[in-house]
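Pasted below: work_5.tsv, TSV, C-alpha atoms.
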```
chain	number	residue	atom	x	y	z
L	130	MET	CA	-29.59	-27.11	-30.18
L	131	SER	CA	-32.10	-24.26	-30.10
L	132	ARG	CA	-32.69	-22.06	-27.07
L	133	GLN	CA	-36.12	-23.63	-26.57
L	134	GLU	CA	-34.46	-27.03	-26.08
L	135	ILE	CA	-32.23	-25.79	-23.24
L	136	GLU	CA	-33.96	-26.60	-19.98
L	137	LYS	CA	-31.10	-26.97	-17.51
L	138	PRO	CA	-29.39	-23.96	-15.94
L	139	ILE	CA	-26.39	-22.77	-17.91
L	140	GLU	CA	-23.36	-21.47	-16.05
L	141	ILE	CA	-20.58	-19.49	-17.72
L	142	LYS	CA	-17.49	-18.48	-15.73
L	143	ILE	CA	-14.96	-15.88	-16.81
L	144	GLU	CA	-11.70	-14.96	-15.08
L	145	LEU	CA	-10.66	-11.47	-16.06
L	146	PRO	CA	-7.39	-9.61	-15.40
L	147	THR	CA	-8.01	-6.61	-13.17
L	148	ASN	CA	-8.05	-4.05	-15.96
L	149	ALA	CA	-10.92	-1.99	-17.40
L	150	TYR	CA	-9.31	-2.48	-20.83
L	151	PHE	CA	-11.18	-5.79	-21.14
L	152	MET	CA	-14.63	-4.53	-20.17
L	153	SER	CA	-15.82	-3.66	-23.68
L	154	GLY	CA	-15.44	-7.36	-24.55
L	155	ILE	CA	-17.39	-8.39	-21.45
L	156	ARG	CA	-20.15	-5.92	-22.38
L	157	ASP	CA	-20.33	-7.35	-25.90
L	158	PHE	CA	-20.52	-10.87	-24.45
L	159	THR	CA	-23.28	-9.87	-22.00
L	160	LEU	CA	-25.38	-8.27	-24.72
L	161	SER	CA	-24.99	-11.30	-26.97
L	162	MET	CA	-25.70	-13.78	-24.17
L	163	ILE	CA	-28.89	-12.02	-23.04
L	164	ARG	CA	-30.12	-11.77	-26.63
L	165	ASN	CA	-29.34	-15.37	-27.54
L	166	MET	CA	-29.81	-17.34	-24.33
L	167	THR	CA	-32.70	-15.65	-22.53
L	168	ASP	CA	-36.16	-14.27	-23.26
L	169	PHE	CA	-35.32	-10.83	-21.93
L	170	SER	CA	-36.16	-7.96	-24.26
L	171	GLU	CA	-33.60	-5.81	-26.07
L	172	GLN	CA	-34.21	-3.15	-23.43
L	173	TRP	CA	-33.09	-5.52	-20.68
L	174	ALA	CA	-30.13	-6.78	-22.70
L	175	TYR	CA	-28.78	-3.21	-22.70
L	176	ARG	CA	-29.65	-2.79	-19.03
L	177	PHE	CA	-27.78	-5.95	-18.05
L	178	GLN	CA	-24.82	-4.76	-20.07
L	179	SER	CA	-24.69	-1.76	-17.72
L	180	VAL	CA	-25.31	-3.86	-14.60
L	181	VAL	CA	-22.39	-6.20	-15.38
L	182	ASP	CA	-20.10	-3.32	-16.34
L	183	GLU	CA	-20.82	-1.40	-13.13
L	184	ILE	CA	-20.29	-4.38	-10.82
L	185	CYS	CA	-17.06	-5.34	-12.60
L	186	ASN	CA	-15.77	-1.76	-12.54
L	187	ASN	CA	-16.31	-1.73	-8.79
L	188	ALA	CA	-14.34	-4.99	-8.43
L	189	ILE	CA	-11.55	-3.66	-10.67
L	190	GLU	CA	-11.33	-0.31	-8.91
L	191	HIS	CA	-11.87	-1.35	-5.30
L	192	GLY	CA	-11.48	-5.14	-5.12
L	193	SER	CA	-8.55	-6.92	-6.74
L	194	SER	CA	-5.14	-5.35	-7.35
L	195	LYS	CA	-3.85	-4.70	-10.87
L	196	ASP	CA	-1.83	-7.93	-11.16
L	197	ASP	CA	-4.74	-9.99	-9.88
L	198	SER	CA	-8.07	-11.17	-11.32
L	199	ILE	CA	-11.81	-10.79	-10.89
L	200	TYR	CA	-14.29	-13.60	-11.54
L	201	ILE	CA	-17.62	-13.27	-13.34
L	202	THR	CA	-20.27	-16.01	-13.34
L	203	PHE	CA	-23.41	-15.87	-15.47
L	204	ILE	CA	-26.15	-18.36	-14.59
L	205	THR	CA	-29.33	-18.54	-16.62
L	206	HIS	CA	-32.29	-20.50	-15.30
L	207	PRO	CA	-34.51	-20.97	-18.37
L	208	ASN	CA	-37.86	-19.19	-18.03
L	209	GLN	CA	-36.98	-18.12	-14.47
L	210	ASP	CA	-34.15	-15.68	-14.01
L	211	ILE	CA	-30.63	-14.65	-14.77
L	212	GLU	CA	-28.05	-14.49	-12.01
L	213	ILE	CA	-24.71	-12.72	-12.19
L	214	VAL	CA	-21.96	-13.07	-9.60
L	215	VAL	CA	-18.79	-10.97	-9.57
L	216	GLU	CA	-16.04	-11.78	-7.07
L	217	ASP	CA	-12.74	-10.13	-6.26
L	218	ASN	CA	-9.84	-11.16	-4.03
L	219	GLY	CA	-9.65	-8.01	-1.90
L	220	SER	CA	-5.98	-7.59	-2.85
L	221	ASN	CA	-6.43	-3.91	-3.72
L	222	PRO	CA	-5.13	-1.71	-0.85
L	223	GLU	CA	-8.36	0.34	-1.17
L	224	SER	CA	-10.54	-2.75	-0.85
L	225	LEU	CA	-13.62	-2.28	1.33
L	226	PRO	CA	-15.61	-4.86	3.30
L	227	ALA	CA	-19.16	-5.67	2.21
L	228	ALA	CA	-20.76	-3.75	5.09
L	229	GLU	CA	-19.02	-0.50	4.09
L	230	ILE	CA	-19.98	-0.88	0.44
L	231	LEU	CA	-23.61	-1.52	1.40
L	232	LYS	CA	-23.56	1.58	3.60
L	233	LYS	CA	-22.16	3.70	0.73
L	234	ILE	CA	-24.87	2.39	-1.61
L	235	GLU	CA	-27.57	3.18	0.93
L	236	ASN	CA	-26.23	6.70	1.46
L	237	ASN	CA	-25.78	7.46	-2.26
L	238	ALA	CA	-29.26	6.17	-3.10
L	239	LYS	CA	-30.73	8.88	-0.85
L	240	LEU	CA	-28.87	11.72	-2.60
L	241	GLU	CA	-30.06	13.90	-5.46
L	242	ILE	CA	-28.23	13.61	-8.77
L	243	ASN	CA	-26.22	16.81	-8.22
L	244	GLU	CA	-25.26	15.87	-4.66
L	245	ILE	CA	-23.20	12.85	-5.72
L	246	GLY	CA	-19.62	13.18	-6.96
L	247	ILE	CA	-18.22	11.69	-10.16
L	248	ARG	CA	-18.56	8.18	-8.72
L	249	GLY	CA	-21.33	6.55	-6.71
L	250	ARG	CA	-24.19	6.08	-9.16
L	251	GLY	CA	-23.34	2.62	-10.49
L	252	LEU	CA	-24.30	0.28	-7.67
L	253	ALA	CA	-26.71	2.70	-5.95
L	254	PHE	CA	-28.84	3.47	-9.02
L	255	ILE	CA	-28.09	1.34	-12.08
L	256	VAL	CA	-27.52	-2.02	-10.36
L	257	GLN	CA	-30.04	-1.56	-7.58
L	258	GLU	CA	-32.82	-0.26	-9.88
L	259	TRP	CA	-32.33	-2.81	-12.64
L	260	THR	CA	-32.12	-6.01	-10.57
L	261	ASP	CA	-34.59	-7.76	-8.29
L	262	LYS	CA	-31.98	-8.94	-5.81
L	263	LEU	CA	-28.62	-7.39	-4.90
L	264	GLU	CA	-26.44	-9.18	-2.34
L	265	ILE	CA	-22.96	-8.11	-1.30
L	266	THR	CA	-21.06	-10.41	1.04
L	267	ASP	CA	-17.48	-10.84	2.26
L	268	ARG	CA	-15.59	-13.83	0.86
L	269	GLU	CA	-13.97	-16.20	3.31
L	270	ASN	CA	-10.43	-15.65	1.99
L	271	GLY	CA	-10.74	-11.94	1.29
L	272	GLY	CA	-12.58	-9.74	-1.14
L	273	ILE	CA	-16.29	-9.47	-1.76
L	274	ARG	CA	-18.94	-11.29	-3.73
L	275	VAL	CA	-21.66	-9.31	-5.50
L	276	ARG	CA	-24.66	-11.35	-6.61
L	277	VAL	CA	-27.57	-9.97	-8.59
L	278	VAL	CA	-30.69	-11.70	-9.85
L	279	LYS	CA	-33.26	-10.50	-12.37
L	280	ASN	CA	-36.48	-12.47	-12.68
L	281	MET	CA	-37.68	-13.06	-16.22
L	282	ASN	CA	-41.34	-12.75	-15.32
L	283	ASP	CA	-41.14	-9.87	-12.92
L	284	PRO	CA	-44.80	-8.85	-12.43
L	285	LYS	CA	-43.78	-5.26	-11.67
L	286	PHE	CA	-42.68	-4.64	-15.22
L	287	LYS	CA	-44.39	-4.87	-18.52
L	288	GLU	CA	-42.53	-3.74	-21.56
L	289	ASP	CA	-44.08	-1.10	-23.72
L	290	THR	CA	-43.99	-3.22	-26.84
L	291	GLU	CA	-45.95	-0.75	-28.93
L	292	SER	CA	-43.32	1.95	-28.89
L	293	ASN	CA	-40.42	-0.34	-27.98
L	294	ASP	CA	-39.05	2.64	-26.11
L	295	PRO	CA	-36.79	1.41	-23.28
L	296	THR	CA	-37.28	4.67	-21.43
L	297	LYS	CA	-40.95	3.79	-20.90
L	298	ILE	CA	-41.82	1.24	-18.25
L	299	ILE	CA	-45.39	0.42	-17.34
L	300	LEU	CA	-45.83	-0.41	-13.70
L	301	THR	CA	-48.57	-2.94	-12.95
L	302	ASN	CA	-49.89	-4.23	-9.67
C	276	MET	CA	-10.02	-0.47	-24.56
C	277	ALA	CA	-13.19	1.15	-25.88
C	278	ASP	CA	-12.77	3.56	-28.78
C	279	ILE	CA	-13.90	7.15	-28.43
C	280	ALA	CA	-13.76	10.23	-30.65
C	281	TYR	CA	-14.92	13.75	-29.84
C	282	ASN	CA	-15.15	17.17	-31.42
C	283	PHE	CA	-15.98	20.70	-30.27
C	284	SER	CA	-17.70	23.21	-32.54
C	285	ASP	CA	-19.13	26.69	-31.93
C	286	LEU	CA	-22.46	28.11	-33.01
C	287	LEU	CA	-24.86	30.89	-32.05
C	288	SER	CA	-28.25	30.29	-30.47
C	289	GLN	CA	-31.29	31.03	-32.62
C	290	ASP	CA	-32.83	33.93	-30.72
C	291	SER	CA	-30.29	35.57	-28.45
C	292	ASN	CA	-27.05	35.31	-30.40
C	293	LYS	CA	-25.62	33.62	-27.36
C	294	LYS	CA	-22.60	31.43	-27.94
C	295	ILE	CA	-23.10	27.66	-27.84
C	296	VAL	CA	-20.37	25.03	-27.79
C	297	VAL	CA	-21.38	21.70	-29.29
C	298	LEU	CA	-19.54	18.68	-27.92
C	299	THR	CA	-19.99	15.72	-30.24
C	300	VAL	CA	-18.93	12.34	-28.87
C	301	GLU	CA	-18.66	9.05	-30.73
C	302	GLY	CA	-18.05	5.54	-29.36
C	303	GLN	CA	-18.25	4.00	-25.91
C	304	LEU	CA	-17.62	6.05	-22.77
C	305	ASP	CA	-16.36	3.71	-20.10
C	306	GLU	CA	-13.84	3.19	-17.32
C	307	SER	CA	-11.00	2.65	-19.80
C	308	ASN	CA	-11.21	6.06	-21.47
C	309	VAL	CA	-13.45	8.56	-19.64
C	310	ASP	CA	-10.77	9.82	-17.23
C	311	ASN	CA	-8.57	10.77	-20.20
C	312	PHE	CA	-11.43	12.39	-22.11
C	313	ALA	CA	-13.02	14.40	-19.28
C	314	PRO	CA	-10.15	16.91	-18.73
C	315	LYS	CA	-10.51	18.10	-22.36
C	316	VAL	CA	-14.11	19.08	-21.57
C	317	TYR	CA	-13.17	20.83	-18.32
C	318	THR	CA	-10.60	22.89	-20.26
C	319	LYS	CA	-13.21	23.81	-22.89
C	320	ILE	CA	-15.66	24.87	-20.17
C	321	GLU	CA	-13.05	27.13	-18.55
C	322	GLU	CA	-12.19	28.65	-21.95
C	323	ASN	CA	-15.89	29.37	-22.67
C	324	THR	CA	-17.44	30.74	-19.50
C	325	ASP	CA	-19.89	32.76	-21.66
C	326	ALA	CA	-21.24	29.73	-23.56
C	327	SER	CA	-23.97	27.17	-23.16
C	328	PHE	CA	-23.13	23.58	-24.13
C	329	ILE	CA	-24.95	21.02	-26.26
C	330	ILE	CA	-23.69	17.47	-25.76
C	331	ASP	CA	-24.46	15.46	-28.90
C	332	LEU	CA	-24.66	11.78	-27.96
C	333	GLU	CA	-26.13	10.45	-31.22
C	334	LYS	CA	-23.12	8.23	-31.93
C	335	VAL	CA	-22.50	7.10	-28.36
C	336	SER	CA	-23.37	3.43	-27.93
C	337	TYR	CA	-22.46	3.02	-24.25
C	338	MET	CA	-22.04	5.21	-21.17
C	339	ASN	CA	-21.02	4.03	-17.71
C	340	SER	CA	-21.98	5.68	-14.43
C	341	LYS	CA	-18.70	7.57	-14.13
C	342	SER	CA	-19.19	9.24	-17.52
C	343	ILE	CA	-22.66	10.30	-16.34
C	344	GLY	CA	-21.02	11.61	-13.17
C	345	TYR	CA	-18.73	13.76	-15.32
C	346	ILE	CA	-21.69	15.16	-17.28
C	347	SER	CA	-23.38	16.04	-13.99
C	348	ASP	CA	-20.19	17.82	-12.86
C	349	TRP	CA	-19.84	19.67	-16.18
C	350	TYR	CA	-23.47	20.77	-15.77
C	351	SER	CA	-22.67	22.18	-12.31
C	352	LYS	CA	-19.70	24.16	-13.63
C	353	ILE	CA	-21.49	25.46	-16.76
C	354	SER	CA	-24.66	26.44	-14.87
C	355	ALA	CA	-22.52	28.18	-12.21
C	356	HIS	CA	-21.55	30.59	-15.01
C	357	GLY	CA	-25.24	31.21	-15.75
C	358	ASN	CA	-25.23	29.05	-18.89
C	359	LYS	CA	-27.24	26.03	-20.01
C	360	VAL	CA	-26.51	22.41	-20.91
C	361	VAL	CA	-28.63	20.33	-23.28
C	362	ILE	CA	-28.15	16.67	-24.22
C	363	ALA	CA	-29.02	16.00	-27.86
C	364	LYS	CA	-29.98	12.97	-29.94
C	365	ALA	CA	-29.18	10.28	-27.36
C	366	ALA	CA	-30.10	6.73	-28.42
C	367	SER	CA	-32.86	4.98	-26.45
C	368	ASN	CA	-30.46	2.81	-24.42
C	369	ILE	CA	-28.44	5.91	-23.50
C	370	LYS	CA	-31.57	7.85	-22.48
C	371	ASP	CA	-32.56	4.84	-20.39
C	372	VAL	CA	-29.37	4.91	-18.33
C	373	LEU	CA	-29.43	8.72	-18.04
C	374	ASN	CA	-32.97	8.48	-16.72
C	375	VAL	CA	-32.26	5.75	-14.16
C	376	VAL	CA	-29.61	7.89	-12.46
C	377	GLY	CA	-31.88	10.95	-12.65
C	378	LEU	CA	-29.85	13.13	-15.01
C	379	ASP	CA	-32.98	13.93	-17.02
C	380	LYS	CA	-34.28	15.81	-13.97
C	381	VAL	CA	-31.57	18.45	-14.29
C	382	ILE	CA	-30.47	18.44	-17.95
C	383	PRO	CA	-33.03	18.74	-20.78
C	384	MET	CA	-32.88	16.08	-23.51
C	385	ALA	CA	-33.51	17.10	-27.12
C	386	GLN	CA	-34.39	14.75	-29.96
C	387	THR	CA	-32.90	16.98	-32.64
C	388	MET	CA	-30.13	19.56	-32.90
C	389	GLU	CA	-32.72	22.24	-33.74
C	390	GLU	CA	-34.59	21.44	-30.53
C	391	ALA	CA	-31.31	21.46	-28.61
C	392	LYS	CA	-30.43	24.89	-29.99
C	393	SER	CA	-33.82	26.25	-28.94
C	394	LEU	CA	-33.28	24.94	-25.38
C	395	ALA	CA	-29.66	26.11	-25.01
```

Show me this structure written as structure tokens.
Amino acid sequence: MSRQEIEKPIEIKIELPTNAYFMSGIRDFTLSMIRNMTDFSEQWAYRFQSVVDEICNNAIEHGSSKDDSIYITFITHPNQDIEIVVEDNGSNPESLPAAEILKKIENNAKLEINEIGIRGRGLAFIVQEWTDKLEITDRENGGIRVRVVKNMNDPKFKEDTESNDPTKIILTN
Amino acid sequence: MADIAYNFSDLLSQDSNKKIVVLTVEGQLDESNVDNFAPKVYTKIEENTDASFIIDLEKVSYMNSKSIGYISDWYSKISAHGNKVVIAKAASNIKDVLNVVGLDKVIPMAQTMEEAKSLA
């Protein structure tokens, strides 16, 4: 079946041990999925690779404990958007509630590059800048749920197809 | 775990005979390896307080936000000694992520090693 024939939303769920060791495989999967299952450009395939990696790293570092799992869900709505949800169980002793994470993101987003420490750029800059919707909520039984959505036909962006340079974005009204 | 290789080499700048350390990195810089790699760079910076640094990213295919955080911190330490940092030959997807966090505002990006040497 070709991609053009897929009209229904496709949902892919992955349960991942809480270990950054596995993230290179998740990045490879994300890149391949965006290239093969959506109409996003190569530029956005790489960007989503970073978005997924950053959200998962946050869940691994601050969400689930090392003997636990995190859960990644990819949902593609053909010709509409791609949605990615990452959930943790909150079993990590350093786990933070959604409100505190949102506050950290808000604070970090206001800082200059050299005012932030080693950490703090992932959710505040990469995820927030490269998605159209970022929601962080507490899960009923502990942990948080991070949901991002990127619209396929975002009118704010038009790819510079002439140069194919992902560092160039043309803003249109 | 993502694979990474790195190398340090010394050279002199074109006009001022100032010492430059070239850090060449290859592979994917991510959560699984960057905390082990970063201390090697801090040691090199402390051993070369008279040198500017060129970070050659030509063969880097992925960088996460923490690895960018380390580069920002290395920049602070190197510039505190009155020296410069230049990023060289980064691929377009790497430049894209460096730009979105704003690193391009503080560290010049060079397309070639010759350009990097002239900026260091």

- Mind pulling up the distance from atom CA of C:Asp310 to atom CA of L:Gly251? 16.0 Å

- Contacts of L:Ser153 at 9 Å or less, counting only C-alpha atoms, minus same-chain residues fewer than 5 places along, as a PyMOL selection string? (chain L and resi 158+182) or (chain C and resi 276-277+303+305+307)

- Message: Measuring between only C-alpha atoms, which one of L:Glu235, L:Glu244, L:Glu258, L:Asp197 shows the shortest distance to L:Asn221?
- Response: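 Counting only C-alpha atoms, the residue closest to L:Asn221 is L:Asp197.
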
- Query: What gap, in Å, lies between atom CA of L:Glu241 and atom CA of C:Lys380?
  - Reply: 9.7 Å

- Do you know which residues are at most 9 Å from C:Lys370 counting all atoms listed in the file, after dropping those on the same chain fewer than 3 positions away, and could you put them as a ChimeraX atom specification? /L:295-296 /C:365-367,373-375,379,384

Would you tabulate, counting only C-alpha atoms, all residues of chain C that have an atom at most 12 Å from an atom of chain L, showing the closest pair of atoms and their distance in Å to one decimal, sorted by chain then ascending number, as a Markdown table?
```
| residue | atom | partner | partner_atom | distance |
| --- | --- | --- | --- | --- |
| C:Met276 | CA | L:Tyr150 | CA | 4.3 |
| C:Ala277 | CA | L:Ser153 | CA | 5.9 |
| C:Asp278 | CA | L:Ser153 | CA | 9.4 |
| C:Ile279 | CA | L:Ser153 | CA | 12.0 |
| C:Gly302 | CA | L:Ser153 | CA | 11.0 |
| C:Gln303 | CA | L:Ser153 | CA | 8.3 |
| C:Leu304 | CA | L:Ser153 | CA | 9.9 |
| C:Asp305 | CA | L:Ser153 | CA | 8.2 |
| C:Glu306 | CA | L:Ala149 | CA | 5.9 |
| C:Ser307 | CA | L:Ala149 | CA | 5.2 |
| C:Asn308 | CA | L:Tyr150 | CA | 8.8 |
| C:Val309 | CA | L:Ile247 | CA | 11.1 |
| C:Asp310 | CA | L:Ile247 | CA | 10.4 |
| C:Ala313 | CA | L:Ile247 | CA | 10.8 |
| C:Ser336 | CA | L:Tyr175 | CA | 10.0 |
| C:Tyr337 | CA | L:Ser179 | CA | 8.4 |
| C:Met338 | CA | L:Ser179 | CA | 8.2 |
| C:Asn339 | CA | L:Ser179 | CA | 6.9 |
| C:Ser340 | CA | L:Gly251 | CA | 5.2 |
| C:Lys341 | CA | L:Arg248 | CA | 5.4 |
| C:Ser342 | CA | L:Ile247 | CA | 7.8 |
| C:Ile343 | CA | L:Ile247 | CA | 7.7 |
| C:Gly344 | CA | L:Ile247 | CA | 4.1 |
| C:Tyr345 | CA | L:Ile247 | CA | 5.6 |
| C:Ile346 | CA | L:Ile247 | CA | 8.6 |
| C:Ser347 | CA | L:Asn243 | CA | 6.5 |
| C:Asp348 | CA | L:Ile247 | CA | 7.0 |
| C:Trp349 | CA | L:Ile247 | CA | 10.1 |
| C:Tyr350 | CA | L:Asn243 | CA | 9.0 |
| C:Ser351 | CA | L:Asn243 | CA | 7.6 |
| C:Lys352 | CA | L:Asn243 | CA | 11.2 |
| C:Ser354 | CA | L:Asn243 | CA | 11.8 |
| C:Ala365 | CA | L:Thr296 | CA | 11.5 |
| C:Ala366 | CA | L:Pro295 | CA | 10.0 |
| C:Ser367 | CA | L:Pro295 | CA | 6.2 |
| C:Asn368 | CA | L:Tyr175 | CA | 6.5 |
| C:Ile369 | CA | L:Tyr175 | CA | 9.2 |
| C:Lys370 | CA | L:Thr296 | CA | 6.6 |
| C:Asp371 | CA | L:Thr296 | CA | 4.8 |
| C:Val372 | CA | L:Ile255 | CA | 7.3 |
| C:Leu373 | CA | L:Thr296 | CA | 9.5 |
| C:Asn374 | CA | L:Thr296 | CA | 7.4 |
| C:Val375 | CA | L:Ile255 | CA | 6.4 |
| C:Val376 | CA | L:Phe254 | CA | 5.7 |
| C:Gly377 | CA | L:Ile242 | CA | 6.0 |
| C:Leu378 | CA | L:Ile242 | CA | 6.5 |
| C:Asp379 | CA | L:Ile242 | CA | 9.5 |
| C:Lys380 | CA | L:Ile242 | CA | 8.3 |
| C:Val381 | CA | L:Ile242 | CA | 8.1 |
| C:Ile382 | CA | L:Ile242 | CA | 10.6 |
```

Write a file of the selected residues as an mmCIF file, in the coordinates of the input, keeping C-alpha atoms.
```
data_model
loop_
_atom_site.group_PDB
_atom_site.id
_atom_site.type_symbol
_atom_site.label_atom_id
_atom_site.label_comp_id
_atom_site.auth_asym_id
_atom_site.auth_seq_id
_atom_site.Cartn_x
_atom_site.Cartn_y
_atom_site.Cartn_z
ATOM 1 C CA MET C 276 -10.020 -0.470 -24.560
ATOM 2 C CA ALA C 277 -13.190 1.150 -25.880
ATOM 3 C CA ASP C 278 -12.770 3.560 -28.780
ATOM 4 C CA ILE C 279 -13.900 7.150 -28.430
ATOM 5 C CA GLY C 302 -18.050 5.540 -29.360
ATOM 6 C CA GLN C 303 -18.250 4.000 -25.910
ATOM 7 C CA LEU C 304 -17.620 6.050 -22.770
ATOM 8 C CA ASP C 305 -16.360 3.710 -20.100
ATOM 9 C CA GLU C 306 -13.840 3.190 -17.320
ATOM 10 C CA SER C 307 -11.000 2.650 -19.800
ATOM 11 C CA ASN C 308 -11.210 6.060 -21.470
ATOM 12 C CA VAL C 309 -13.450 8.560 -19.640
ATOM 13 C CA ASP C 310 -10.770 9.820 -17.230
ATOM 14 C CA ALA C 313 -13.020 14.400 -19.280
ATOM 15 C CA SER C 336 -23.370 3.430 -27.930
ATOM 16 C CA TYR C 337 -22.460 3.020 -24.250
ATOM 17 C CA MET C 338 -22.040 5.210 -21.170
ATOM 18 C CA ASN C 339 -21.020 4.030 -17.710
ATOM 19 C CA SER C 340 -21.980 5.680 -14.430
ATOM 20 C CA LYS C 341 -18.700 7.570 -14.130
ATOM 21 C CA SER C 342 -19.190 9.240 -17.520
ATOM 22 C CA ILE C 343 -22.660 10.300 -16.340
ATOM 23 C CA GLY C 344 -21.020 11.610 -13.170
ATOM 24 C CA TYR C 345 -18.730 13.760 -15.320
ATOM 25 C CA ILE C 346 -21.690 15.160 -17.280
ATOM 26 C CA SER C 347 -23.380 16.040 -13.990
ATOM 27 C CA ASP C 348 -20.190 17.820 -12.860
ATOM 28 C CA TRP C 349 -19.840 19.670 -16.180
ATOM 29 C CA TYR C 350 -23.470 20.770 -15.770
ATOM 30 C CA SER C 351 -22.670 22.180 -12.310
ATOM 31 C CA LYS C 352 -19.700 24.160 -13.630
ATOM 32 C CA SER C 354 -24.660 26.440 -14.870
ATOM 33 C CA ALA C 365 -29.180 10.280 -27.360
ATOM 34 C CA ALA C 366 -30.100 6.730 -28.420
ATOM 35 C CA SER C 367 -32.860 4.980 -26.450
ATOM 36 C CA ASN C 368 -30.460 2.810 -24.420
ATOM 37 C CA ILE C 369 -28.440 5.910 -23.500
ATOM 38 C CA LYS C 370 -31.570 7.850 -22.480
ATOM 39 C CA ASP C 371 -32.560 4.840 -20.390
ATOM 40 C CA VAL C 372 -29.370 4.910 -18.330
ATOM 41 C CA LEU C 373 -29.430 8.720 -18.040
ATOM 42 C CA ASN C 374 -32.970 8.480 -16.720
ATOM 43 C CA VAL C 375 -32.260 5.750 -14.160
ATOM 44 C CA VAL C 376 -29.610 7.890 -12.460
ATOM 45 C CA GLY C 377 -31.880 10.950 -12.650
ATOM 46 C CA LEU C 378 -29.850 13.130 -15.010
ATOM 47 C CA ASP C 379 -32.980 13.930 -17.020
ATOM 48 C CA LYS C 380 -34.280 15.810 -13.970
ATOM 49 C CA VAL C 381 -31.570 18.450 -14.290
ATOM 50 C CA ILE C 382 -30.470 18.440 -17.950
#
```

- Hey, can you check how far atom CA of C:Ala385 sits from atom CA of L:Arg164?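 Computed distance, atom CA of C:Ala385 to atom CA of L:Arg164, equals 29.1 Å.
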
Around stretch 157-167 of chain L, with edges along x, y and z and 5 Å added on all six sides, what centre and edge lengths do you get, in Å to one decimal, as JSON?
```
{"center_x": -26.5, "center_y": -12.3, "center_z": -24.8, "size_x": 22.4, "size_y": 20.0, "size_z": 15.5}
```

- Item | Contacts of C:His356 at 9 Å (all atoms listed in the file; same-chain gap of 5+ positions) as a PyMOL selection string | chain C and resi 324-326+351

Using only C-alpha atoms, please write the residues we just selected to a file, as a CSV table (one decimal), keeping the file's coordinate frame.
```
chain,number,residue,atom,x,y,z
C,324,THR,CA,-17.4,30.7,-19.5
C,325,ASP,CA,-19.9,32.8,-21.7
C,326,ALA,CA,-21.2,29.7,-23.6
C,351,SER,CA,-22.7,22.2,-12.3
```

Could you list as a PDB file with C-alpha atoms, keeping the file's coordinate frame every residue that has an atom within 10 Å of (-17.6, -4.2, -0.4), using the file's coordinates and counting all atoms listed in the file?
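Generated file (out.pdb):
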```pdb
ATOM      1  CA  ASN L 187     -16.310  -1.730  -8.790  1.00  0.00           C
ATOM      2  CA  ALA L 188     -14.340  -4.990  -8.430  1.00  0.00           C
ATOM      3  CA  HIS L 191     -11.870  -1.350  -5.300  1.00  0.00           C
ATOM      4  CA  GLY L 192     -11.480  -5.140  -5.120  1.00  0.00           C
ATOM      5  CA  ASP L 217     -12.740 -10.130  -6.260  1.00  0.00           C
ATOM      6  CA  GLY L 219      -9.650  -8.010  -1.900  1.00  0.00           C
ATOM      7  CA  SER L 224     -10.540  -2.750  -0.850  1.00  0.00           C
ATOM      8  CA  LEU L 225     -13.620  -2.280   1.330  1.00  0.00           C
ATOM      9  CA  PRO L 226     -15.610  -4.860   3.300  1.00  0.00           C
ATOM     10  CA  ALA L 227     -19.160  -5.670   2.210  1.00  0.00           C
ATOM     11  CA  ALA L 228     -20.760  -3.750   5.090  1.00  0.00           C
ATOM     12  CA  GLU L 229     -19.020  -0.500   4.090  1.00  0.00           C
ATOM     13  CA  ILE L 230     -19.980  -0.880   0.440  1.00  0.00           C
ATOM     14  CA  LEU L 231     -23.610  -1.520   1.400  1.00  0.00           C
ATOM     15  CA  LYS L 232     -23.560   1.580   3.600  1.00  0.00           C
ATOM     16  CA  LYS L 233     -22.160   3.700   0.730  1.00  0.00           C
ATOM     17  CA  ILE L 234     -24.870   2.390  -1.610  1.00  0.00           C
ATOM     18  CA  ILE L 265     -22.960  -8.110  -1.300  1.00  0.00           C
ATOM     19  CA  THR L 266     -21.060 -10.410   1.040  1.00  0.00           C
ATOM     20  CA  ASP L 267     -17.480 -10.840   2.260  1.00  0.00           C
ATOM     21  CA  ARG L 268     -15.590 -13.830   0.860  1.00  0.00           C
ATOM     22  CA  GLY L 272     -12.580  -9.740  -1.140  1.00  0.00           C
ATOM     23  CA  ILE L 273     -16.290  -9.470  -1.760  1.00  0.00           C
ATOM     24  CA  ARG L 274     -18.940 -11.290  -3.730  1.00  0.00           C
ATOM     25  CA  VAL L 275     -21.660  -9.310  -5.500  1.00  0.00           C
TER      26      VAL L 275
END
```

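Each of C:Ala355, C:Phe312, C:Phe328, C:Ile320 was compared to C:Leu286 using all atoms listed in the file, and C:Phe328 turns out to be the nearest.
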
- Task: For C:Ile295, list every protein, DNA or RNA residue within 8 Å, evaluated using all atoms listed in the file, and leave out those in the same chain fewer than 2 positions away; present the list as a list in words.
- Result: Asp285, Leu286, Leu287, Ser288, Lys293, Val297, Ala326, Ser327, Phe328, Ile329 and Ala395 of chain C

- Rank C:Val360, C:Ile353, C:Leu298, C:Val316 by their smallest atom-to-atom distance to C:Asp331, using all atoms listed in the file, and report the top residue only.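 The closest residue to C:Asp331 is C:Leu298.
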
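With only C-alpha atoms as the atoms that count, the minimum distance from C:Asn282 to the choices C:Lys359, C:Lys315, C:Lys392, C:Lys364 is reached by C:Lys315.
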
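Nearest residue to L:Pro207 among L:Ile163, L:Leu240, L:Ile184, L:Leu263 is L:Ile163, counting only C-alpha atoms.
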